[in-house]
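Everything below concerns the one structure shown next.
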Amino acid sequence: MSAGSDRGQFITLEGGEGAGKSTQALLLKSWLAAYGLDVVLTREPGGSPNAECLRGMLLGGLIAPFGADAEALVFAVARADHVRETIRPALSAGKWVICDRFIDSTRAYQGGAGVSSKRLAELETIAIGKTRPDLTLILDLPAKEGLVRAGARNPALDRFEADALAVHEARRAAFLKIAKAEPDRCAVINAQADEQSVFDRISTCVSDRLGAALPDNGR
Ligand code: T5A
């Protein structure tokens with residue numbers, strides 16, 4: 001834990017479709033658990049019973065006809081519940097939280113769909129308050145490659161996967177821009193490699209960035 005704090009650490013994974021976030025989140029959970037840490041793995045949209053209901057609506061395209069602002073609003077409603085019901089209690093109990101997508105996905109996806117940064121910033125503040133990630137791992141690879149991976153796993157496209165390749169590439173650029181603007185919080189991980197090689201990069205990064213909070217009894 002951080003010096004002078006009983007709060008656990010909050011790590012988010014971000015990136016485009018099929019970048020390997022879910023795969024790496026599971027590997028990271030096991031790696032942290034080997035340190036004896038209590039780790040909560042969660043995801044967005046979703047992560048709490050009410051937010052999981054909204055996930056179905058968002059990914060099923062039920063909110064899309066209302067426009068990008070409405071989608072941003074519903075992501076924020078889901079996130080507020082997720083933070084209140086799942087993330088904040090876990091962190092307060094000293095647990096580490098790994099979240100598969102969080103605020104940067106809204107910035108990249110809904111920002112890319114035309115929602116203004118001012119509106120997104122207001123929604124973000126309402127949804128998360130001071131519960132900000134300690135570390136955000138941005139998994140980066142060409143959008144086309146990620147879509148091939150995602151398609152091989154499940155050929156049925158959801159609301160956002162179905163967008164044009166140029167839209168996916170713009171999201172990739174948006175994630176990289178966020179990383180550049182917030183280098184203390186964000187680290188870009190080259191995800192264009194096999195699963196274990198990507199995880200080696202992630203574990204090195206977590207050790208570098210959050211090493212002071214890792215117990216030294218694990219290994
Ligand atoms: N969204 C979300 C918004 O628009 N705004 C928001 O605020 C939020 C929170 C979520 C959608 O909602 C949007 C973004 C998304 O479109 P989702 O189903 O959760 O939908 O979609 P993703 O998060 O994109 O999940 P995916 O499963 O598509 O991608 P992952 O998690 O990045 O990839 P993963 O680990 O599932 O791997 C995909 C496939 O690739 C293989 C895996 O085995 C799997 O088959 N794989 C690799 N193959 C080769 N090399 C590697 N290194 C590999 N790593 C994994």
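In the structure tokens, each chain is lettered A, B, ... as it comes, each chain's residues begin at 1, and ligands are numbered from 1 in order of appearance.
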Within 8 Å of ligand 1 (counting only C-alpha atoms and all ligand atoms), which residues show up? I'd like them as a PDB file with N, CA, C and O atoms, in the first residue's frame.
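That gives us selection.pdb:
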ATOM      1  N   GLU A  14      -6.675  -0.193 -20.631  1.00  0.00           N
ATOM      2  CA  GLU A  14      -7.394   0.489 -21.698  1.00  0.00           C
ATOM      3  C   GLU A  14      -6.800   0.115 -23.051  1.00  0.00           C
ATOM      4  O   GLU A  14      -5.688  -0.426 -23.123  1.00  0.00           O
ATOM      5  N   GLY A  15      -7.512   0.461 -24.110  1.00  0.00           N
ATOM      6  CA  GLY A  15      -7.036   0.187 -25.460  1.00  0.00           C
ATOM      7  C   GLY A  15      -8.193  -0.191 -26.357  1.00  0.00           C
ATOM      8  O   GLY A  15      -9.349  -0.264 -25.915  1.00  0.00           O
ATOM      9  N   GLY A  16      -7.886  -0.451 -27.617  1.00  0.00           N
ATOM     10  CA  GLY A  16      -8.921  -0.742 -28.603  1.00  0.00           C
ATOM     11  C   GLY A  16      -9.467  -2.156 -28.478  1.00  0.00           C
ATOM     12  O   GLY A  16      -9.086  -2.921 -27.579  1.00  0.00           O
ATOM     13  N   GLU A  17     -10.347  -2.494 -29.389  1.00  0.00           N
ATOM     14  CA  GLU A  17     -10.974  -3.819 -29.420  1.00  0.00           C
ATOM     15  C   GLU A  17      -9.909  -4.892 -29.608  1.00  0.00           C
ATOM     16  O   GLU A  17      -9.012  -4.744 -30.432  1.00  0.00           O
ATOM     17  N   GLY A  18     -10.014  -5.963 -28.822  1.00  0.00           N
ATOM     18  CA  GLY A  18      -9.124  -7.107 -28.985  1.00  0.00           C
ATOM     19  C   GLY A  18      -7.663  -6.837 -28.680  1.00  0.00           C
ATOM     20  O   GLY A  18      -6.787  -7.622 -29.055  1.00  0.00           O
ATOM     21  N   ALA A  19      -7.383  -5.755 -27.959  1.00  0.00           N
ATOM     22  CA  ALA A  19      -5.984  -5.433 -27.631  1.00  0.00           C
ATOM     23  C   ALA A  19      -5.405  -6.413 -26.615  1.00  0.00           C
ATOM     24  O   ALA A  19      -4.188  -6.488 -26.432  1.00  0.00           O
ATOM     25  N   GLY A  20      -6.281  -7.174 -25.948  1.00  0.00           N
ATOM     26  CA  GLY A  20      -5.806  -8.158 -24.969  1.00  0.00           C
ATOM     27  C   GLY A  20      -6.041  -7.724 -23.528  1.00  0.00           C
ATOM     28  O   GLY A  20      -5.468  -8.311 -22.604  1.00  0.00           O
ATOM     29  N   LYS A  21      -6.901  -6.774 -23.308  1.00  0.00           N
ATOM     30  CA  LYS A  21      -7.135  -6.245 -21.958  1.00  0.00           C
ATOM     31  C   LYS A  21      -7.633  -7.325 -20.993  1.00  0.00           C
ATOM     32  O   LYS A  21      -7.106  -7.464 -19.894  1.00  0.00           O
ATOM     33  N   SER A  22      -8.667  -8.074 -21.430  1.00  0.00           N
ATOM     34  CA  SER A  22      -9.249  -9.082 -20.526  1.00  0.00           C
ATOM     35  C   SER A  22      -8.223 -10.180 -20.218  1.00  0.00           C
ATOM     36  O   SER A  22      -8.095 -10.612 -19.074  1.00  0.00           O
ATOM     37  N   THR A  23      -7.493 -10.584 -21.250  1.00  0.00           N
ATOM     38  CA  THR A  23      -6.458 -11.618 -21.074  1.00  0.00           C
ATOM     39  C   THR A  23      -5.402 -11.141 -20.068  1.00  0.00           C
ATOM     40  O   THR A  23      -5.045 -11.853 -19.125  1.00  0.00           O
ATOM     41  N   GLN A  24      -4.938  -9.923 -20.251  1.00  0.00           N
ATOM     42  CA  GLN A  24      -3.866  -9.402 -19.395  1.00  0.00           C
ATOM     43  C   GLN A  24      -4.378  -9.088 -17.989  1.00  0.00           C
ATOM     44  O   GLN A  24      -3.634  -9.208 -17.012  1.00  0.00           O
ATOM     45  N   ALA A  25      -5.646  -8.695 -17.883  1.00  0.00           N
ATOM     46  CA  ALA A  25      -6.214  -8.401 -16.555  1.00  0.00           C
ATOM     47  C   ALA A  25      -6.202  -9.664 -15.694  1.00  0.00           C
ATOM     48  O   ALA A  25      -5.867  -9.613 -14.500  1.00  0.00           O
ATOM     49  N   ARG A  43     -14.908  -4.746 -14.509  1.00  0.00           N
ATOM     50  CA  ARG A  43     -14.886  -4.300 -15.904  1.00  0.00           C
ATOM     51  C   ARG A  43     -15.915  -3.193 -16.129  1.00  0.00           C
ATOM     52  O   ARG A  43     -16.842  -3.023 -15.338  1.00  0.00           O
ATOM     53  N   GLU A  44     -15.741  -2.521 -17.250  1.00  0.00           N
ATOM     54  CA  GLU A  44     -16.747  -1.536 -17.678  1.00  0.00           C
ATOM     55  C   GLU A  44     -17.037  -1.705 -19.167  1.00  0.00           C
ATOM     56  O   GLU A  44     -16.145  -2.089 -19.913  1.00  0.00           O
ATOM     57  N   PRO A  45     -18.238  -1.350 -19.653  1.00  0.00           N
ATOM     58  CA  PRO A  45     -19.337  -1.009 -18.770  1.00  0.00           C
ATOM     59  C   PRO A  45     -19.752  -2.231 -17.952  1.00  0.00           C
ATOM     60  O   PRO A  45     -19.665  -3.349 -18.440  1.00  0.00           O
ATOM     61  N   LEU A  58     -26.165  -0.754 -23.567  1.00  0.00           N
ATOM     62  CA  LEU A  58     -25.156   0.000 -24.328  1.00  0.00           C
ATOM     63  C   LEU A  58     -24.579  -0.842 -25.470  1.00  0.00           C
ATOM     64  O   LEU A  58     -24.516  -0.383 -26.619  1.00  0.00           O
ATOM     65  N   LEU A  59     -24.144  -2.065 -25.143  1.00  0.00           N
ATOM     66  CA  LEU A  59     -23.489  -2.887 -26.168  1.00  0.00           C
ATOM     67  C   LEU A  59     -24.499  -3.482 -27.147  1.00  0.00           C
ATOM     68  O   LEU A  59     -24.145  -3.808 -28.286  1.00  0.00           O
ATOM     69  N   ALA A  72     -22.838   8.765 -23.644  1.00  0.00           N
ATOM     70  CA  ALA A  72     -21.864   9.207 -22.636  1.00  0.00           C
ATOM     71  C   ALA A  72     -22.521   9.302 -21.262  1.00  0.00           C
ATOM     72  O   ALA A  72     -21.933   8.936 -20.239  1.00  0.00           O
ATOM     73  N   PHE A  75     -23.066   5.750 -19.913  1.00  0.00           N
ATOM     74  CA  PHE A  75     -21.782   5.208 -19.420  1.00  0.00           C
ATOM     75  C   PHE A  75     -21.457   5.829 -18.060  1.00  0.00           C
ATOM     76  O   PHE A  75     -20.965   5.148 -17.153  1.00  0.00           O
ATOM     77  N   ALA A  76     -21.742   7.118 -17.900  1.00  0.00           N
ATOM     78  CA  ALA A  76     -21.438   7.794 -16.634  1.00  0.00           C
ATOM     79  C   ALA A  76     -22.331   7.288 -15.502  1.00  0.00           C
ATOM     80  O   ALA A  76     -21.868   7.099 -14.368  1.00  0.00           O
ATOM     81  N   ASP A 100     -11.069  -3.486 -16.234  1.00  0.00           N
ATOM     82  CA  ASP A 100     -10.960  -3.662 -17.691  1.00  0.00           C
ATOM     83  C   ASP A 100     -11.801  -2.556 -18.331  1.00  0.00           C
ATOM     84  O   ASP A 100     -13.019  -2.673 -18.385  1.00  0.00           O
ATOM     85  N   ARG A 101     -11.164  -1.502 -18.753  1.00  0.00           N
ATOM     86  CA  ARG A 101     -11.750  -0.254 -19.294  1.00  0.00           C
ATOM     87  C   ARG A 101     -12.286   0.622 -18.163  1.00  0.00           C
ATOM     88  O   ARG A 101     -12.857   0.145 -17.194  1.00  0.00           O
ATOM     89  N   PHE A 102     -12.100   1.933 -18.331  1.00  0.00           N
ATOM     90  CA  PHE A 102     -12.619   2.904 -17.345  1.00  0.00           C
ATOM     91  C   PHE A 102     -12.739   4.264 -18.047  1.00  0.00           C
ATOM     92  O   PHE A 102     -13.136   4.312 -19.218  1.00  0.00           O
ATOM     93  N   ILE A 103     -12.353   5.328 -17.379  1.00  0.00           N
ATOM     94  CA  ILE A 103     -12.626   6.682 -17.906  1.00  0.00           C
ATOM     95  C   ILE A 103     -12.047   6.956 -19.288  1.00  0.00           C
ATOM     96  O   ILE A 103     -12.631   7.701 -20.070  1.00  0.00           O
ATOM     97  N   ASP A 104     -10.889   6.357 -19.580  1.00  0.00           N
ATOM     98  CA  ASP A 104     -10.243   6.692 -20.862  1.00  0.00           C
ATOM     99  C   ASP A 104     -11.008   6.125 -22.051  1.00  0.00           C
ATOM    100  O   ASP A 104     -10.923   6.668 -23.161  1.00  0.00           O
ATOM    101  N   SER A 105     -11.765   5.044 -21.813  1.00  0.00           N
ATOM    102  CA  SER A 105     -12.595   4.519 -22.910  1.00  0.00           C
ATOM    103  C   SER A 105     -13.676   5.524 -23.262  1.00  0.00           C
ATOM    104  O   SER A 105     -13.984   5.721 -24.445  1.00  0.00           O
ATOM    105  N   THR A 106     -14.254   6.170 -22.262  1.00  0.00           N
ATOM    106  CA  THR A 106     -15.265   7.196 -22.562  1.00  0.00           C
ATOM    107  C   THR A 106     -14.626   8.355 -23.312  1.00  0.00           C
ATOM    108  O   THR A 106     -15.170   8.868 -24.292  1.00  0.00           O
ATOM    109  N   ARG A 107     -13.448   8.756 -22.848  1.00  0.00           N
ATOM    110  CA  ARG A 107     -12.769   9.871 -23.535  1.00  0.00           C
ATOM    111  C   ARG A 107     -12.505   9.519 -24.998  1.00  0.00           C
ATOM    112  O   ARG A 107     -12.698  10.335 -25.894  1.00  0.00           O
ATOM    113  N   ALA A 108     -12.001   8.293 -25.226  1.00  0.00           N
ATOM    114  CA  ALA A 108     -11.619   7.907 -26.596  1.00  0.00           C
ATOM    115  C   ALA A 108     -12.840   7.612 -27.470  1.00  0.00           C
ATOM    116  O   ALA A 108     -12.899   8.061 -28.619  1.00  0.00           O
ATOM    117  N   TYR A 109     -13.800   6.865 -26.932  1.00  0.00           N
ATOM    118  CA  TYR A 109     -14.942   6.425 -27.756  1.00  0.00           C
ATOM    119  C   TYR A 109     -15.999   7.523 -27.884  1.00  0.00           C
ATOM    120  O   TYR A 109     -16.383   7.888 -28.995  1.00  0.00           O
ATOM    121  N   GLN A 110     -16.485   8.025 -26.739  1.00  0.00           N
ATOM    122  CA  GLN A 110     -17.546   9.030 -26.835  1.00  0.00           C
ATOM    123  C   GLN A 110     -16.966  10.382 -27.257  1.00  0.00           C
ATOM    124  O   GLN A 110     -17.614  11.155 -27.966  1.00  0.00           O
ATOM    125  N   LEU A 139      -2.984  -0.599 -23.654  1.00  0.00           N
ATOM    126  CA  LEU A 139      -2.476  -1.648 -24.554  1.00  0.00           C
ATOM    127  C   LEU A 139      -2.626  -1.164 -25.993  1.00  0.00           C
ATOM    128  O   LEU A 139      -3.737  -0.921 -26.463  1.00  0.00           O
ATOM    129  N   GLY A 146      -6.205  -5.845 -33.747  1.00  0.00           N
ATOM    130  CA  GLY A 146      -7.109  -6.059 -32.610  1.00  0.00           C
ATOM    131  C   GLY A 146      -8.464  -6.579 -33.059  1.00  0.00           C
ATOM    132  O   GLY A 146      -9.042  -7.475 -32.432  1.00  0.00           O
ATOM    133  N   LEU A 147      -8.961  -6.052 -34.169  1.00  0.00           N
ATOM    134  CA  LEU A 147     -10.275  -6.489 -34.671  1.00  0.00           C
ATOM    135  C   LEU A 147     -10.220  -7.929 -35.145  1.00  0.00           C
ATOM    136  O   LEU A 147     -11.174  -8.691 -34.972  1.00  0.00           O
ATOM    137  N   ARG A 149      -8.236 -10.233 -33.904  1.00  0.00           N
ATOM    138  CA  ARG A 149      -8.226 -11.046 -32.677  1.00  0.00           C
ATOM    139  C   ARG A 149      -9.640 -11.145 -32.091  1.00  0.00           C
ATOM    140  O   ARG A 149     -10.099 -12.223 -31.727  1.00  0.00           O
ATOM    141  N   ALA A 150     -10.313 -10.005 -31.991  1.00  0.00           N
ATOM    142  CA  ALA A 150     -11.659  -9.985 -31.391  1.00  0.00           C
ATOM    143  C   ALA A 150     -12.631 -10.801 -32.242  1.00  0.00           C
ATOM    144  O   ALA A 150     -13.476 -11.530 -31.717  1.00  0.00           O
ATOM    145  N   GLY A 151     -12.477 -10.691 -33.577  1.00  0.00           N
ATOM    146  CA  GLY A 151     -13.366 -11.421 -34.476  1.00  0.00           C
ATOM    147  C   GLY A 151     -13.140 -12.919 -34.413  1.00  0.00           C
ATOM    148  O   GLY A 151     -14.086 -13.708 -34.542  1.00  0.00           O
ATOM    149  N   ALA A 152     -11.889 -13.334 -34.213  1.00  0.00           N
ATOM    150  CA  ALA A 152     -11.593 -14.764 -34.122  1.00  0.00           C
ATOM    151  C   ALA A 152     -12.235 -15.348 -32.869  1.00  0.00           C
ATOM    152  O   ALA A 152     -12.678 -16.506 -32.866  1.00  0.00           O
ATOM    153  N   ARG A 153     -12.323 -14.538 -31.822  1.00  0.00           N
ATOM    154  CA  ARG A 153     -12.909 -15.024 -30.562  1.00  0.00           C
ATOM    155  C   ARG A 153     -14.433 -15.072 -30.663  1.00  0.00           C
ATOM    156  O   ARG A 153     -15.069 -15.991 -30.233  1.00  0.00           O
ATOM    157  N   ASN A 154     -15.005 -13.993 -31.255  1.00  0.00           N
ATOM    158  CA  ASN A 154     -16.467 -13.928 -31.385  1.00  0.00           C
ATOM    159  C   ASN A 154     -16.824 -13.105 -32.631  1.00  0.00           C
ATOM    160  O   ASN A 154     -16.698 -11.888 -32.613  1.00  0.00           O
ATOM    161  N   ASP A 158     -20.353  -6.116 -31.617  1.00  0.00           N
ATOM    162  CA  ASP A 158     -21.251  -5.317 -30.790  1.00  0.00           C
ATOM    163  C   ASP A 158     -21.344  -3.894 -31.342  1.00  0.00           C
ATOM    164  O   ASP A 158     -20.751  -3.568 -32.376  1.00  0.00           O
ATOM    165  N   ARG A 159     -22.079  -3.056 -30.648  1.00  0.00           N
ATOM    166  CA  ARG A 159     -22.375  -1.670 -31.062  1.00  0.00           C
ATOM    167  C   ARG A 159     -21.114  -0.900 -31.494  1.00  0.00           C
ATOM    168  O   ARG A 159     -21.130  -0.171 -32.475  1.00  0.00           O
ATOM    169  N   PHE A 160     -20.007  -1.066 -30.779  1.00  0.00           N
ATOM    170  CA  PHE A 160     -18.816  -0.262 -31.043  1.00  0.00           C
ATOM    171  C   PHE A 160     -17.830  -0.964 -31.975  1.00  0.00           C
ATOM    172  O   PHE A 160     -17.157  -0.328 -32.775  1.00  0.00           O
ATOM    173  N   GLU A 161     -17.765  -2.297 -31.875  1.00  0.00           N
ATOM    174  CA  GLU A 161     -16.863  -3.059 -32.754  1.00  0.00           C
ATOM    175  C   GLU A 161     -17.244  -2.870 -34.219  1.00  0.00           C
ATOM    176  O   GLU A 161     -16.397  -2.937 -35.100  1.00  0.00           O
ATOM    177  N   ALA A 191       1.283  -3.994 -27.335  1.00  0.00           N
ATOM    178  CA  ALA A 191       0.512  -5.237 -27.228  1.00  0.00           C
ATOM    179  C   ALA A 191       0.651  -6.118 -28.453  1.00  0.00           C
ATOM    180  O   ALA A 191      -0.062  -7.109 -28.599  1.00  0.00           O
ATOM    181  N   GLN A 192       1.596  -5.766 -29.329  1.00  0.00           N
ATOM    182  CA  GLN A 192       1.793  -6.509 -30.577  1.00  0.00           C
ATOM    183  C   GLN A 192       2.829  -7.608 -30.361  1.00  0.00           C
ATOM    184  O   GLN A 192       3.936  -7.560 -30.908  1.00  0.00           O
ATOM    185  N   ALA A 193       2.458  -8.568 -29.530  1.00  0.00           N
ATOM    186  CA  ALA A 193       3.362  -9.681 -29.217  1.00  0.00           C
ATOM    187  C   ALA A 193       2.509 -10.774 -28.600  1.00  0.00           C
ATOM    188  O   ALA A 193       1.316 -10.578 -28.363  1.00  0.00           O
ATOM    189  N   ASP A 194       3.137 -11.945 -28.323  1.00  0.00           N
ATOM    190  CA  ASP A 194       2.347 -13.018 -27.715  1.00  0.00           C
ATOM    191  C   ASP A 194       1.949 -12.632 -26.280  1.00  0.00           C
ATOM    192  O   ASP A 194       2.528 -11.708 -25.696  1.00  0.00           O
ATOM    193  N   GLU A 195       0.978 -13.359 -25.748  1.00  0.00           N
ATOM    194  CA  GLU A 195       0.397 -12.989 -24.448  1.00  0.00           C
ATOM    195  C   GLU A 195       1.448 -12.865 -23.342  1.00  0.00           C
ATOM    196  O   GLU A 195       1.423 -11.926 -22.542  1.00  0.00           O
ATOM    197  N   GLN A 196       2.374 -13.837 -23.276  1.00  0.00           N
ATOM    198  CA  GLN A 196       3.353 -13.813 -22.191  1.00  0.00           C
ATOM    199  C   GLN A 196       4.312 -12.624 -22.327  1.00  0.00           C
ATOM    200  O   GLN A 196       4.658 -11.985 -21.330  1.00  0.00           O
ATOM    201  N   SER A 197       4.702 -12.318 -23.570  1.00  0.00           N
ATOM    202  CA  SER A 197       5.614 -11.177 -23.761  1.00  0.00           C
ATOM    203  C   SER A 197       4.926  -9.873 -23.357  1.00  0.00           C
ATOM    204  O   SER A 197       5.546  -8.998 -22.750  1.00  0.00           O
ATOM    205  N   VAL A 198       3.648  -9.761 -23.705  1.00  0.00           N
ATOM    206  CA  VAL A 198       2.919  -8.552 -23.306  1.00  0.00           C
ATOM    207  C   VAL A 198       2.839  -8.496 -21.785  1.00  0.00           C
ATOM    208  O   VAL A 198       3.060  -7.437 -21.169  1.00  0.00           O
TER     209      VAL A 198
END
Mind checking DSSP for stretch 50-198 of chain A and telling me the strand (DSSP E) residues as a CSV table (one decimal) with N, CA, C and O atoms, in the first residue's frame?
chain,number,residue,atom,x,y,z
A,96,TRP,N,-6.7,-4.4,-3.9
A,96,TRP,CA,-6.3,-3.9,-5.2
A,96,TRP,C,-7.4,-4.1,-6.2
A,96,TRP,O,-8.0,-5.2,-6.2
A,97,VAL,N,-7.6,-3.1,-7.0
A,97,VAL,CA,-8.7,-3.2,-8.0
A,97,VAL,C,-8.1,-3.1,-9.4
A,97,VAL,O,-7.3,-2.2,-9.7
A,98,ILE,N,-8.4,-4.1,-10.3
A,98,ILE,CA,-8.0,-4.1,-11.7
A,98,ILE,C,-9.3,-3.9,-12.5
A,98,ILE,O,-10.3,-4.7,-12.3
A,99,CYS,N,-9.4,-2.9,-13.3
A,99,CYS,CA,-10.6,-2.6,-14.0
A,99,CYS,C,-10.3,-2.6,-15.5
A,99,CYS,O,-9.5,-1.9,-16.0
A,100,ASP,N,-11.1,-3.5,-16.2
A,100,ASP,CA,-11.0,-3.7,-17.7
A,100,ASP,C,-11.8,-2.6,-18.3
A,100,ASP,O,-13.0,-2.7,-18.4
A,135,LEU,N,-2.7,3.8,-11.7
A,135,LEU,CA,-2.0,3.4,-12.9
A,135,LEU,C,-2.9,2.9,-14.0
A,135,LEU,O,-3.8,2.1,-13.8
A,136,THR,N,-2.7,3.5,-15.2
A,136,THR,CA,-3.5,3.1,-16.4
A,136,THR,C,-2.6,2.5,-17.4
A,136,THR,O,-1.6,3.1,-17.9
A,137,LEU,N,-2.8,1.2,-17.8
A,137,LEU,CA,-2.0,0.5,-18.8
A,137,LEU,C,-2.8,0.6,-20.1
A,137,LEU,O,-3.9,0.1,-20.2
A,138,ILE,N,-2.2,1.3,-21.0
A,138,ILE,CA,-2.8,1.4,-22.4
A,138,ILE,C,-2.2,0.4,-23.3
A,138,ILE,O,-1.0,0.6,-23.7
A,139,LEU,N,-3.0,-0.6,-23.7
A,139,LEU,CA,-2.5,-1.6,-24.6
A,139,LEU,C,-2.6,-1.2,-26.0
A,139,LEU,O,-3.7,-0.9,-26.5
A,140,ASP,N,-1.5,-1.1,-26.7
A,140,ASP,CA,-1.5,-0.4,-28.0
A,140,ASP,C,-1.1,-1.4,-29.1
A,140,ASP,O,-0.1,-2.1,-29.0
A,186,CYS,N,-0.4,7.2,-16.8
A,186,CYS,CA,-0.6,6.2,-17.9
A,186,CYS,C,0.8,5.7,-18.4
A,186,CYS,O,1.8,6.4,-18.4
A,187,ALA,N,0.7,4.4,-18.8
A,187,ALA,CA,1.9,3.8,-19.5
A,187,ALA,C,1.4,3.1,-20.7
A,187,ALA,O,0.4,2.4,-20.6
A,188,VAL,N,2.1,3.3,-21.8
A,188,VAL,CA,1.7,2.6,-23.1
A,188,VAL,C,2.4,1.3,-23.1
A,188,VAL,O,3.6,1.2,-22.9
A,189,ILE,N,1.7,0.2,-23.3
A,189,ILE,CA,2.3,-1.1,-23.4
A,189,ILE,C,2.1,-1.6,-24.9
A,189,ILE,O,1.0,-1.7,-25.4
A,190,ASN,N,3.2,-2.0,-25.5
A,190,ASN,CA,3.2,-2.5,-26.8
A,190,ASN,C,2.5,-3.9,-26.8
A,190,ASN,O,3.1,-4.8,-26.2
>> Give me the residues near A:Lys29 as a PyMOL selection string, where near means some atom within 7 Å (using only C-alpha atoms) and where sequence neighbours in that chain fewer than 4 positions away do not count.
In response: chain A and resi 25+33+39+41
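If you look at atom CA of A:Glu145 and atom CA of A:Glu169, they are 10.9 Å away from each other.
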